[in-house]
file protein20.csv (CSV, C-alpha atoms)
chain,number,residue,atom,x,y,z
A,1,MET,CA,86.4,21.5,-59.7
A,2,SER,CA,83.7,21.5,-56.9
A,3,PRO,CA,84.4,20.4,-53.3
A,4,PRO,CA,83.2,16.9,-52.3
A,5,TRP,CA,80.2,18.4,-50.4
A,6,GLY,CA,79.2,20.5,-53.3
A,7,GLY,CA,76.7,19.8,-56.0
A,8,THR,CA,75.3,21.2,-59.1
A,9,ASP,CA,73.8,24.1,-57.1
A,10,LEU,CA,77.2,25.5,-56.2
A,11,PRO,CA,79.4,27.1,-58.8
A,12,PRO,CA,82.8,25.6,-59.5
A,13,ALA,CA,85.6,27.2,-57.6
A,14,ASP,CA,89.4,27.1,-57.6
A,15,PRO,CA,90.5,24.7,-55.0
A,16,GLY,CA,93.2,27.0,-53.9
A,17,SER,CA,91.0,30.1,-53.7
A,18,GLN,CA,89.3,31.5,-50.6
A,19,ASP,CA,85.9,30.9,-52.1
A,20,TRP,CA,86.6,27.2,-52.4
A,21,VAL,CA,87.1,27.1,-48.6
A,22,ARG,CA,84.0,29.2,-47.9
A,23,GLN,CA,81.8,26.7,-49.6
A,24,GLY,CA,82.5,24.0,-46.9
A,25,PRO,CA,81.1,23.5,-43.4
A,26,GLU,CA,83.4,26.1,-42.1
A,27,PHE,CA,81.3,28.7,-43.9
A,28,PHE,CA,78.4,28.1,-41.5
A,29,THR,CA,80.8,28.2,-38.5
A,30,GLU,CA,82.4,31.4,-39.7
A,31,GLU,CA,79.1,33.0,-40.3
A,32,LYS,CA,77.6,31.9,-37.0
A,33,GLY,CA,76.3,35.3,-36.1
A,34,LYS,CA,73.9,35.4,-39.0
A,35,GLY,CA,73.5,31.7,-39.2
A,36,GLY,CA,72.7,31.3,-35.5
A,37,LYS,CA,69.8,33.6,-35.8
A,38,ILE,CA,68.5,31.7,-38.9
A,39,ALA,CA,68.8,28.4,-37.0
A,40,VAL,CA,66.8,29.7,-34.0
A,41,ILE,CA,64.1,31.0,-36.3
A,42,VAL,CA,64.0,27.7,-38.2
A,43,LEU,CA,63.9,25.8,-34.8
A,44,VAL,CA,61.0,27.9,-33.5
A,45,SER,CA,59.1,27.5,-36.8
A,46,VAL,CA,59.5,23.8,-36.6
A,47,LEU,CA,58.2,23.7,-33.0
A,48,VAL,CA,55.2,25.9,-33.9
A,49,VAL,CA,54.3,23.8,-36.9
A,50,GLY,CA,54.8,20.6,-34.9
A,51,GLY,CA,52.5,22.0,-32.1
A,52,LEU,CA,49.8,22.9,-34.7
A,53,VAL,CA,50.0,19.5,-36.3
A,54,THR,CA,49.8,17.8,-32.9
A,55,GLY,CA,46.8,19.9,-31.9
A,56,GLY,CA,45.0,19.2,-35.1
A,57,ILE,CA,45.5,15.5,-34.7
A,58,PHE,CA,44.3,15.8,-31.1
A,59,LEU,CA,41.3,17.8,-32.1
A,60,PHE,CA,40.1,15.8,-35.0
A,61,SER,CA,40.9,12.4,-33.7
A,62,GLY,CA,38.6,12.8,-30.6
A,63,GLY,CA,41.5,12.5,-28.1
A,64,ASP,CA,41.0,11.8,-24.5
A,65,SER,CA,38.8,14.9,-24.0
A,66,ASN,CA,35.8,12.9,-25.3
A,67,GLN,CA,36.3,10.1,-22.9
A,68,PRO,CA,34.4,11.7,-19.9
A,69,ALA,CA,31.5,12.6,-22.2
A,70,ALA,CA,31.3,9.0,-23.3
A,71,GLU,CA,31.4,7.8,-19.7
A,72,GLN,CA,28.7,10.4,-18.8
A,73,THR,CA,26.5,9.2,-21.7
A,74,SER,CA,26.9,5.7,-20.6
A,75,GLU,CA,25.8,6.6,-17.1
A,76,GLN,CA,22.8,8.5,-18.4
A,77,ASN,CA,21.7,5.6,-20.6
A,78,ALA,CA,22.1,3.1,-17.7
A,79,PRO,CA,18.7,1.6,-16.7
A,80,GLN,CA,17.3,3.3,-13.6
A,81,THR,CA,16.4,1.2,-10.6
A,82,PRO,CA,12.7,1.5,-10.0
A,83,THR,CA,11.7,3.1,-6.7
A,84,SER,CA,9.7,0.7,-4.6
A,85,THR,CA,6.4,1.9,-3.3
A,86,ALA,CA,4.4,0.5,-0.4
A,87,PRO,CA,1.2,-1.3,-1.3
A,88,PRO,CA,-2.0,0.5,-0.3
A,89,SER,CA,-3.4,-0.2,3.1
A,90,PRO,CA,-6.3,-2.7,3.4
A,91,ASN,CA,-8.8,0.0,4.0
A,92,GLN,CA,-7.5,1.9,1.0
A,93,GLN,CA,-8.0,-1.2,-1.1
A,94,LEU,CA,-11.6,-1.4,0.1
A,95,PHE,CA,-12.1,2.2,-1.0
A,96,ASP,CA,-10.6,1.5,-4.4
A,97,LYS,CA,-12.8,-1.5,-4.8
A,98,MET,CA,-16.0,0.5,-4.2
A,99,PRO,CA,-18.0,1.5,-7.3
A,100,LYS,CA,-18.6,5.2,-7.6
A,101,PRO,CA,-22.2,6.3,-6.9
A,102,PRO,CA,-23.9,8.4,-9.6
A,103,GLY,CA,-23.6,12.2,-9.8
A,104,GLN,CA,-21.1,14.7,-8.5
A,105,ALA,CA,-18.6,13.1,-6.1
A,106,ASP,CA,-18.3,14.5,-2.6
A,107,THR,CA,-14.9,16.2,-1.9
A,108,ASN,CA,-14.4,14.2,1.3
A,109,ASN,CA,-14.5,10.8,-0.4
A,110,GLY,CA,-11.8,8.4,0.9
A,111,VAL,CA,-10.7,6.5,3.9
A,112,LEU,CA,-12.0,8.5,6.9
A,113,PRO,CA,-11.2,8.3,10.6
A,114,VAL,CA,-14.3,7.4,12.6
A,115,GLY,CA,-13.8,10.6,14.6
A,116,GLU,CA,-14.5,12.7,11.5
A,117,LEU,CA,-17.8,11.0,10.5
A,118,ALA,CA,-20.0,13.1,12.8
A,119,GLN,CA,-18.1,16.3,11.9
A,120,LEU,CA,-18.8,15.7,8.2
A,121,ASP,CA,-22.4,14.8,8.9
A,122,ILE,CA,-22.0,11.4,7.5
A,123,LEU,CA,-23.1,9.6,10.7
A,124,SER,CA,-24.7,10.9,13.9
A,125,THR,CA,-22.6,11.1,17.0
A,126,GLU,CA,-24.4,8.1,18.4
A,127,GLU,CA,-23.7,6.0,15.3
A,128,MET,CA,-20.1,7.0,15.4
A,129,GLU,CA,-19.9,5.8,19.0
A,130,LEU,CA,-21.5,2.5,18.1
A,131,LEU,CA,-18.6,2.0,15.6
A,132,THR,CA,-16.0,2.5,18.3
A,133,THR,CA,-17.6,-0.2,20.5
A,134,GLU,CA,-16.5,-2.7,17.8
A,135,SER,CA,-13.0,-1.2,17.6
A,136,VAL,CA,-13.6,0.4,14.2
A,137,THR,CA,-11.1,3.1,13.5
A,138,GLU,CA,-11.6,3.9,9.8
A,139,VAL,CA,-14.2,3.5,7.2
A,140,ALA,CA,-14.1,3.7,3.4
A,141,TRP,CA,-16.8,6.2,2.2
A,142,ARG,CA,-18.1,7.5,-1.1
A,143,GLY,CA,-20.7,10.2,-1.3
A,144,SER,CA,-22.3,11.9,-4.3
A,145,GLN,CA,-25.3,13.9,-5.4
A,146,LYS,CA,-27.3,13.0,-8.6
A,147,GLN,CA,-29.2,15.7,-10.4
A,148,PRO,CA,-32.5,14.9,-12.3
A,149,ASP,CA,-31.6,12.8,-15.3
A,150,ASP,CA,-32.9,9.9,-17.4
A,151,THR,CA,-32.8,7.6,-14.4
A,152,GLY,CA,-35.1,9.7,-12.2
A,153,PRO,CA,-36.6,13.2,-12.0
A,154,THR,CA,-35.2,14.0,-8.5
A,155,ALA,CA,-31.9,15.1,-7.0
A,156,ASP,CA,-30.9,12.3,-4.7
A,157,VAL,CA,-27.9,12.2,-2.3
A,158,PHE,CA,-25.9,8.9,-1.9
A,159,SER,CA,-23.8,7.8,1.1
A,160,VAL,CA,-22.1,4.5,0.6
A,161,MET,CA,-19.9,3.0,3.3
A,162,VAL,CA,-17.7,0.0,3.9
A,163,ILE,CA,-17.0,-0.5,7.6
A,164,PRO,CA,-14.1,-3.0,8.2
A,165,THR,CA,-14.3,-4.9,11.5
A,166,GLU,CA,-12.2,-7.5,13.2
A,167,SER,CA,-14.4,-10.4,12.3
A,168,GLN,CA,-17.7,-11.4,10.7
A,169,GLU,CA,-19.2,-11.8,14.1
A,170,SER,CA,-18.1,-8.2,15.0
A,171,ALA,CA,-19.6,-7.0,11.7
A,172,THR,CA,-22.9,-8.7,12.5
A,173,ASN,CA,-23.0,-7.3,16.0
A,174,LEU,CA,-22.4,-3.8,14.7
A,175,ALA,CA,-25.1,-4.2,12.0
A,176,GLU,CA,-27.7,-5.1,14.6
A,177,LYS,CA,-26.7,-2.1,16.8
A,178,LEU,CA,-27.0,0.3,13.8
A,179,ARG,CA,-30.3,-1.2,12.7
A,180,GLU,CA,-31.7,-0.9,16.2
A,181,TYR,CA,-30.6,2.7,16.4
A,182,ALA,CA,-32.3,3.4,13.0
A,183,LYS,CA,-35.5,1.8,14.3
A,184,ASP,CA,-35.4,4.1,17.4
A,185,ASN,CA,-35.2,7.1,15.0
A,186,SER,CA,-38.4,6.3,13.0
A,187,PHE,CA,-36.9,3.9,10.4
A,188,VAL,CA,-39.2,1.1,9.4
A,189,ARG,CA,-37.8,-2.3,8.4
A,190,ILE,CA,-39.3,-3.7,5.2
A,191,GLU,CA,-39.4,-7.4,5.6
A,192,GLU,CA,-40.3,-8.2,2.0
A,193,PRO,CA,-37.2,-8.0,-0.1
A,194,LEU,CA,-37.2,-5.6,-3.1
A,195,PRO,CA,-37.1,-7.2,-6.6
A,196,ASP,CA,-33.9,-9.0,-7.3
A,197,MET,CA,-32.5,-8.3,-3.9
A,198,PRO,CA,-30.9,-11.0,-1.7
A,199,LYS,CA,-32.7,-11.6,1.6
A,200,GLU,CA,-29.4,-10.8,3.4
A,201,VAL,CA,-29.8,-7.1,2.5
A,202,VAL,CA,-31.8,-5.5,5.3
A,203,PHE,CA,-33.9,-2.6,4.0
A,204,GLN,CA,-35.1,0.2,6.2
A,205,LYS,CA,-36.7,3.5,5.3
A,206,GLU,CA,-38.0,6.7,6.8
A,207,THR,CA,-40.5,8.9,4.9
A,208,PHE,CA,-42.5,10.6,7.7
A,209,SER,CA,-40.5,13.8,8.2
A,210,GLY,CA,-40.9,15.1,4.6
A,211,VAL,CA,-37.4,13.8,3.8
A,212,GLY,CA,-37.1,10.4,2.2
A,213,HIS,CA,-34.4,8.0,3.6
A,214,TYR,CA,-33.8,4.6,2.1
A,215,ARG,CA,-31.1,2.4,3.7
A,216,GLY,CA,-29.7,-1.0,3.1
A,217,THR,CA,-27.2,-2.9,5.2
A,218,TRP,CA,-25.5,-6.3,4.8
A,219,ILE,CA,-22.4,-8.3,5.8
A,220,SER,CA,-19.7,-9.0,3.3
A,221,GLY,CA,-16.8,-11.0,4.8
A,222,ASP,CA,-15.6,-9.0,7.8
A,223,ASN,CA,-17.1,-5.8,6.5
A,224,LEU,CA,-20.4,-4.1,7.1
A,225,ILE,CA,-21.8,-2.5,4.0
A,226,ARG,CA,-24.3,0.4,4.3
A,227,VAL,CA,-26.0,2.2,1.4
A,228,ASN,CA,-28.0,5.3,2.2
A,229,VAL,CA,-30.0,7.4,-0.3
A,230,VAL,CA,-31.7,10.6,0.7
A,231,GLN,CA,-34.3,12.7,-1.2
A,232,ASP,CA,-34.8,16.1,0.3
A,233,PRO,CA,-37.6,17.1,0.1
A,234,LEU,CA,-39.4,13.8,-0.7
A,235,THR,CA,-41.3,14.5,-3.9
A,236,ASP,CA,-41.1,11.2,-5.8
A,237,GLU,CA,-40.6,8.1,-3.8
A,238,ALA,CA,-40.6,5.9,-6.9
A,239,SER,CA,-37.6,7.8,-8.1
A,240,LEU,CA,-36.0,7.5,-4.7
A,241,SER,CA,-36.6,3.7,-4.7
A,242,GLY,CA,-35.0,3.4,-8.1
A,243,SER,CA,-31.9,5.3,-7.0
A,244,TYR,CA,-31.6,3.1,-3.9
A,245,GLN,CA,-32.0,-0.2,-5.8
A,246,ARG,CA,-29.5,0.7,-8.5
A,247,ALA,CA,-26.9,1.7,-5.8
A,248,VAL,CA,-27.4,-1.5,-3.8
A,249,LYS,CA,-27.1,-3.8,-6.9
A,250,THR,CA,-23.9,-2.0,-8.0
A,251,MET,CA,-22.4,-2.5,-4.5
A,252,LEU,CA,-23.4,-6.1,-4.4
A,253,GLU,CA,-21.3,-6.8,-7.4
A,254,SER,CA,-18.2,-5.8,-5.5
A,255,PHE,CA,-19.3,-6.8,-2.0
A,256,PRO,CA,-21.6,-9.8,-2.2
A,257,ALA,CA,-23.9,-10.4,0.8
A,258,ASP,CA,-22.8,-13.1,3.3
A,259,GLY,CA,-25.3,-12.4,6.0
call {"tool": "encode", "arguments": {"input": "protein20.csv", "output": "C-alpha coordinates"}}
result
Amino acid sequence: MSPPWGGTDLPPADPGSQDWVRQGPEFFTEEKGKGGKIAVIVLVSVLVVGGLVTGGIFLFSGGDSNQPAAEQTSEQNAPQTPTSTAPPSPNQQLFDKMPKPPGQADTNNGVLPVGELAQLDILSTEEMELLTTESVTEVAWRGSQKQPDDTGPTADVFSVMVIPTESQESATNLAEKLREYAKDNSFVRIEEPLPDMPKEVVFQKETFSGVGHYRGTWISGDNLIRVNVVQDPLTDEASLSGSYQRAVKTMLESFPADG
(Lines of atoms letter the chains of each structure in order from A and count residues from 1; the text may use other names and numbers.)
(Lines give C-alpha, C1' and ligand atoms only; values in the text may rest on other atoms or scores of the structure.)
Protein backbone atom coordinates (compact mmCIF):
# COMPACT_ATOMS: atom_id res chain seq x y z
CA MET A 1 0.00 0.00 0.00
CA SER A 2 1.53 3.37 -1.10
CA PRO A 3 1.31 6.58 0.89
CA PRO A 4 -1.20 9.20 -0.36
CA TRP A 5 1.56 11.36 -1.94
CA GLY A 6 3.10 8.43 -3.66
CA GLY A 7 2.53 7.25 -7.19
CA THR A 8 3.43 4.53 -9.52
CA ASP A 9 7.04 5.73 -9.47
CA LEU A 10 7.44 4.77 -5.79
CA PRO A 11 7.58 1.14 -4.75
CA PRO A 12 4.97 -0.05 -2.32
CA ALA A 13 6.02 -0.02 1.30
CA ASP A 14 4.71 -1.35 4.57
CA PRO A 15 2.79 1.44 6.27
CA GLY A 16 4.33 0.53 9.52
CA SER A 17 7.90 0.39 8.25
CA GLN A 18 10.55 3.11 8.43
CA ASP A 19 10.73 3.26 4.60
CA TRP A 20 7.06 4.09 4.41
CA VAL A 21 7.74 7.21 6.54
CA ARG A 22 10.86 8.16 4.55
CA GLN A 23 8.83 8.44 1.35
CA GLY A 24 6.86 11.42 2.68
CA PRO A 25 7.75 15.15 2.87
CA GLU A 26 9.74 14.48 6.00
CA PHE A 27 12.29 12.73 3.83
CA PHE A 28 13.34 16.03 2.22
CA THR A 29 13.45 17.70 5.63
CA GLU A 30 15.53 14.99 7.10
CA GLU A 31 17.91 15.01 4.18
CA LYS A 32 18.20 18.81 4.14
CA GLY A 33 21.98 18.75 4.06
CA LYS A 34 22.04 17.11 0.70
CA GLY A 35 18.69 18.40 -0.50
CA GLY A 36 19.60 22.01 0.38
CA LYS A 37 22.57 21.91 -1.92
CA ILE A 38 20.45 20.47 -4.70
CA ALA A 39 17.80 23.16 -4.20
CA VAL A 40 20.41 25.94 -4.41
CA ILE A 41 21.84 24.46 -7.60
CA VAL A 42 18.37 24.16 -9.08
CA LEU A 43 17.53 27.75 -8.07
CA VAL A 44 20.76 29.12 -9.61
CA SER A 45 20.13 27.15 -12.80
CA VAL A 46 16.64 28.55 -13.03
CA LEU A 47 17.93 32.11 -12.60
CA VAL A 48 20.66 31.62 -15.23
CA VAL A 49 18.28 30.11 -17.74
CA GLY A 50 15.75 32.83 -17.04
CA GLY A 51 18.41 35.50 -17.60
CA LEU A 52 19.46 33.94 -20.88
CA VAL A 53 15.88 33.74 -22.07
CA THR A 54 15.21 37.35 -21.09
CA GLY A 55 18.42 38.49 -22.80
CA GLY A 56 17.49 36.61 -25.96
CA ILE A 57 14.06 38.16 -26.03
CA PHE A 58 15.60 41.59 -25.44
CA LEU A 59 18.22 41.07 -28.16
CA PHE A 60 15.99 39.73 -30.91
CA SER A 61 12.93 41.85 -30.17
CA GLY A 62 14.82 45.12 -30.78
CA GLY A 63 14.32 46.34 -27.23
CA ASP A 64 14.79 49.91 -26.13
CA SER A 65 18.43 49.97 -27.37
CA ASN A 66 17.24 50.62 -30.92
CA GLN A 67 15.15 53.62 -29.92
CA PRO A 68 18.01 56.20 -29.94
CA ALA A 69 19.12 54.96 -33.38
CA ALA A 70 15.58 55.40 -34.69
CA GLU A 71 15.48 58.89 -33.27
CA GLN A 72 18.90 59.65 -34.80
CA THR A 73 17.77 58.37 -38.22
CA SER A 74 14.69 60.52 -37.96
CA GLU A 75 16.85 63.54 -37.22
CA GLN A 76 19.18 62.75 -40.13
CA ASN A 77 16.24 62.39 -42.55
CA ALA A 78 14.63 65.61 -41.40
CA PRO A 79 14.63 68.27 -44.16
CA GLN A 80 17.43 70.77 -43.78
CA THR A 81 16.55 74.44 -43.60
CA PRO A 82 18.18 76.17 -46.59
CA THR A 83 20.79 78.76 -45.73
CA SER A 84 19.78 82.16 -47.00
CA THR A 85 22.32 84.01 -49.13
CA ALA A 86 22.40 87.72 -49.78
CA PRO A 87 21.57 88.74 -53.36
CA PRO A 88 24.46 90.05 -55.44
CA SER A 89 25.18 93.77 -55.29
CA PRO A 90 23.84 95.98 -58.11
CA ASN A 91 27.32 96.37 -59.59
CA GLN A 92 27.87 92.60 -59.46
CA GLN A 93 24.59 92.19 -61.31
CA LEU A 94 25.90 94.55 -64.00
CA PHE A 95 29.04 92.45 -64.31
CA ASP A 96 27.05 89.22 -64.57
CA LYS A 97 24.91 90.78 -67.28
CA MET A 98 27.91 91.70 -69.42
CA PRO A 99 28.65 89.37 -72.35
CA LYS A 100 32.15 87.93 -72.41
CA PRO A 101 34.43 89.40 -75.07
CA PRO A 102 36.20 86.89 -77.32
CA GLY A 103 39.51 85.24 -76.48
CA GLN A 104 41.31 84.54 -73.22
CA ALA A 105 39.70 86.33 -70.27
CA ASP A 106 41.81 88.68 -68.17
CA THR A 107 42.49 87.46 -64.63
CA ASN A 108 41.30 90.80 -63.16
CA ASN A 109 37.77 90.60 -64.55
CA GLY A 110 35.11 91.63 -62.06
CA VAL A 111 33.77 94.59 -60.10
CA LEU A 112 36.79 96.82 -59.55
CA PRO A 113 37.31 99.83 -57.28
CA VAL A 114 38.03 102.97 -59.25
CA GLY A 115 41.35 103.36 -57.40
CA GLU A 116 42.67 100.15 -59.00
CA LEU A 117 41.91 101.03 -62.61
CA ALA A 118 45.08 103.03 -63.15
CA GLN A 119 47.20 100.42 -61.35
CA LEU A 120 45.88 97.71 -63.67
CA ASP A 121 46.45 99.95 -66.73
CA ILE A 122 42.75 99.85 -67.59
CA LEU A 123 42.34 103.63 -67.42
CA SER A 124 44.86 106.43 -67.21
CA THR A 125 45.22 108.33 -63.96
CA GLU A 126 43.43 111.31 -65.52
CA GLU A 127 40.49 109.16 -66.65
CA MET A 128 40.27 107.61 -63.21
CA GLU A 129 40.05 111.06 -61.65
CA LEU A 130 37.27 112.02 -64.06
CA LEU A 131 35.22 109.06 -62.75
CA THR A 132 35.61 110.27 -59.18
CA THR A 133 34.21 113.71 -60.13
CA GLU A 134 30.88 111.96 -60.79
CA SER A 135 31.06 109.98 -57.53
CA VAL A 136 31.83 106.68 -59.27
CA THR A 137 33.35 104.19 -56.80
CA GLU A 138 33.26 100.90 -58.75
CA VAL A 139 33.05 99.70 -62.33
CA ALA A 140 32.18 96.36 -63.90
CA TRP A 141 34.98 95.36 -66.25
CA ARG A 142 35.76 92.50 -68.61
CA GLY A 143 39.00 92.25 -70.52
CA SER A 144 40.32 89.61 -72.92
CA GLN A 145 42.76 88.97 -75.77
CA LYS A 146 41.79 87.29 -79.01
CA GLN A 147 44.36 85.40 -81.05
CA PRO A 148 44.16 85.24 -84.86
CA ASP A 149 41.16 83.12 -85.84
CA ASP A 150 38.39 82.87 -88.39
CA THR A 151 37.02 86.27 -87.39
CA GLY A 152 40.28 88.11 -88.05
CA PRO A 153 44.00 87.59 -88.68
CA THR A 154 45.18 89.78 -85.79
CA ALA A 155 45.57 89.51 -82.01
CA ASP A 156 43.24 92.17 -80.59
CA VAL A 157 42.83 93.22 -76.95
CA PHE A 158 39.34 94.00 -75.59
CA SER A 159 38.45 96.25 -72.65
CA VAL A 160 34.71 96.47 -71.99
CA MET A 161 33.38 98.56 -69.10
CA VAL A 162 30.06 99.42 -67.48
CA ILE A 163 30.36 102.55 -65.32
CA PRO A 164 27.40 102.97 -62.94
CA THR A 165 26.53 106.56 -62.03
CA GLU A 166 23.94 108.27 -59.85
CA SER A 167 21.71 109.29 -62.76
CA GLN A 168 21.50 109.42 -66.53
CA GLU A 169 22.50 113.07 -66.38
CA SER A 170 25.63 112.13 -64.43
CA ALA A 171 26.41 109.39 -66.97
CA THR A 172 26.03 111.89 -69.82
CA ASN A 173 28.34 114.40 -68.11
CA LEU A 174 30.98 111.74 -67.54
CA ALA A 175 30.74 110.55 -71.15
CA GLU A 176 31.42 114.06 -72.44
CA LYS A 177 34.43 114.46 -70.12
CA LEU A 178 35.95 111.15 -71.23
CA ARG A 179 35.34 111.90 -74.92
CA GLU A 180 36.99 115.28 -74.55
CA TYR A 181 39.95 113.69 -72.82
CA ALA A 182 40.27 111.18 -75.69
CA LYS A 183 40.18 114.03 -78.20
CA ASP A 184 43.03 115.74 -76.35
CA ASN A 185 45.03 112.53 -76.73
CA SER A 186 44.82 112.20 -80.52
CA PHE A 187 41.50 110.34 -80.77
CA VAL A 188 39.36 111.37 -83.72
CA ARG A 189 35.57 111.27 -83.54
CA ILE A 190 33.98 109.57 -86.55
CA GLU A 191 30.66 111.28 -87.15
CA GLU A 192 29.34 108.81 -89.69
CA PRO A 193 27.97 105.78 -87.79
CA LEU A 194 29.38 102.42 -88.74
CA PRO A 195 26.98 99.99 -90.45
CA ASP A 196 24.10 98.81 -88.24
CA MET A 197 25.23 101.01 -85.36
CA PRO A 198 22.81 103.34 -83.55
CA LYS A 199 23.69 107.02 -83.75
CA GLU A 200 23.85 107.18 -79.94
CA VAL A 201 27.10 105.18 -79.99
CA VAL A 202 29.95 107.71 -80.24
CA PHE A 203 32.88 106.21 -82.17
CA GLN A 204 36.43 107.52 -81.69
CA LYS A 205 39.68 106.05 -82.96
CA GLU A 206 43.43 106.65 -82.84
CA THR A 207 45.76 105.07 -85.41
CA PHE A 208 48.65 107.55 -85.70
CA SER A 209 50.99 106.05 -83.10
CA GLY A 210 51.39 102.69 -84.80
CA VAL A 211 48.91 101.19 -82.35
CA GLY A 212 45.26 100.97 -83.36
CA HIS A 213 42.62 102.13 -80.81
CA TYR A 214 38.90 101.84 -81.57
CA ARG A 215 36.54 103.13 -78.88
CA GLY A 216 32.77 103.37 -78.56
CA THR A 217 30.81 105.01 -75.72
CA TRP A 218 27.09 105.34 -75.05
CA ILE A 219 24.56 105.76 -72.26
CA SER A 220 22.31 102.91 -71.10
CA GLY A 221 20.03 103.93 -68.25
CA ASP A 222 22.23 105.39 -65.50
CA ASN A 223 25.29 103.59 -66.86
CA LEU A 224 28.05 104.69 -69.18
CA ILE A 225 29.16 101.89 -71.50
CA ARG A 226 32.65 101.90 -72.99
CA VAL A 227 34.06 99.39 -75.49
CA ASN A 228 37.76 99.70 -76.29
CA VAL A 229 39.64 97.45 -78.74
CA VAL A 230 43.40 97.71 -79.30
CA GLN A 231 45.63 96.19 -81.97
CA ASP A 232 49.33 96.46 -81.17
CA PRO A 233 51.00 96.87 -83.55
CA LEU A 234 48.41 97.99 -86.04
CA THR A 235 48.82 95.68 -89.03
CA ASP A 236 45.27 95.19 -90.30
CA GLU A 237 42.79 97.97 -89.55
CA ALA A 238 39.96 96.12 -91.27
CA SER A 239 40.42 93.27 -88.81
CA LEU A 240 40.49 95.77 -85.93
CA SER A 241 37.29 97.37 -87.20
CA GLY A 242 35.57 93.97 -87.38
CA SER A 243 36.59 93.10 -83.80
CA TYR A 244 35.30 96.46 -82.57
CA GLN A 245 31.94 96.25 -84.36
CA ARG A 246 31.22 92.73 -83.12
CA ALA A 247 32.06 93.70 -79.54
CA VAL A 248 29.81 96.79 -79.66
CA LYS A 249 26.85 94.93 -81.17
CA THR A 250 27.14 92.19 -78.53
CA MET A 251 27.13 94.77 -75.70
CA LEU A 252 24.17 96.62 -77.22
CA GLU A 253 22.08 93.46 -76.83
CA SER A 254 22.50 93.62 -73.05
CA PHE A 255 22.88 97.39 -72.68
CA PRO A 256 20.87 99.20 -75.35
CA ALA A 257 21.77 102.81 -76.14
CA ASP A 258 19.60 105.53 -74.58
CA GLY A 259 21.80 108.48 -75.46
call {"tool": "residues_near_point", "arguments": {"input": "protein20.csv", "point": "(-26.7, 4.6, 1.9)", "cutoff": "12 Å", "atoms": "only C-alpha atoms", "output": "NGL selection string"}}
result
:A and (101 or 122-123 or 141-145 or 156-162 or 202-205 or 212-218 or 224-231 or 240-241 or 243-248 or 251)
call {"tool": "closest_residue", "arguments": {"input": "protein20.csv", "among": "A:Leu131, A:Ala171, A:Val111, A:Ala86", "to": "Ile219 (chain A)", "atoms": "all atoms listed in the file"}}
result
A:Ala171
call {"tool": "atom_distance", "arguments": {"input": "protein20.csv", "atom1": "CA of Ile163 (chain A)", "atom2": "CA of Val139 (chain A)"}}
result
4.9 Å
call {"tool": "closest_residue", "arguments": {"input": "protein20.csv", "among": "A:Met197, A:Ala182, A:Val211, A:Ala140", "to": "Glu126 (chain A)", "atoms": "all atoms listed in the file"}}
result
A:Ala182
call {"tool": "residues_around", "arguments": {"input": "protein20.csv", "residues": "Ser220 (chain A)", "least_positions_apart": "3", "cutoff": "9 Å", "atoms": "only C-alpha atoms", "output": "VMD selection string"}}
result
chain A and resid 168 171 223 to 225 255 to 259
call {"tool": "atom_distance", "arguments": {"input": "protein20.csv", "atom1": "CA of Pro164 (chain A)", "atom2": "CA of Leu117 (chain A)"}}
result
14.7 Å
call {"tool": "residues_near_point", "arguments": {"input": "protein20.csv", "point": "(-19.0, -2.4, -11.8)", "cutoff": "10 Å", "atoms": "all atoms listed in the file", "output": "number ranges by chain"}}
result
A: 97-100, 249-254
call {"tool": "closest_residue", "arguments": {"input": "protein20.csv", "among": "A:Glu180, A:Asp106, A:Asp236, A:Glu116", "to": "Lys146 (chain A)", "atoms": "all atoms listed in the file"}}
result
A:Asp106
call {"tool": "atom_distance", "arguments": {"input": "protein20.csv", "atom1": "CA of Gly110 (chain A)", "atom2": "CA of Asp96 (chain A)"}}
result
8.8 Å
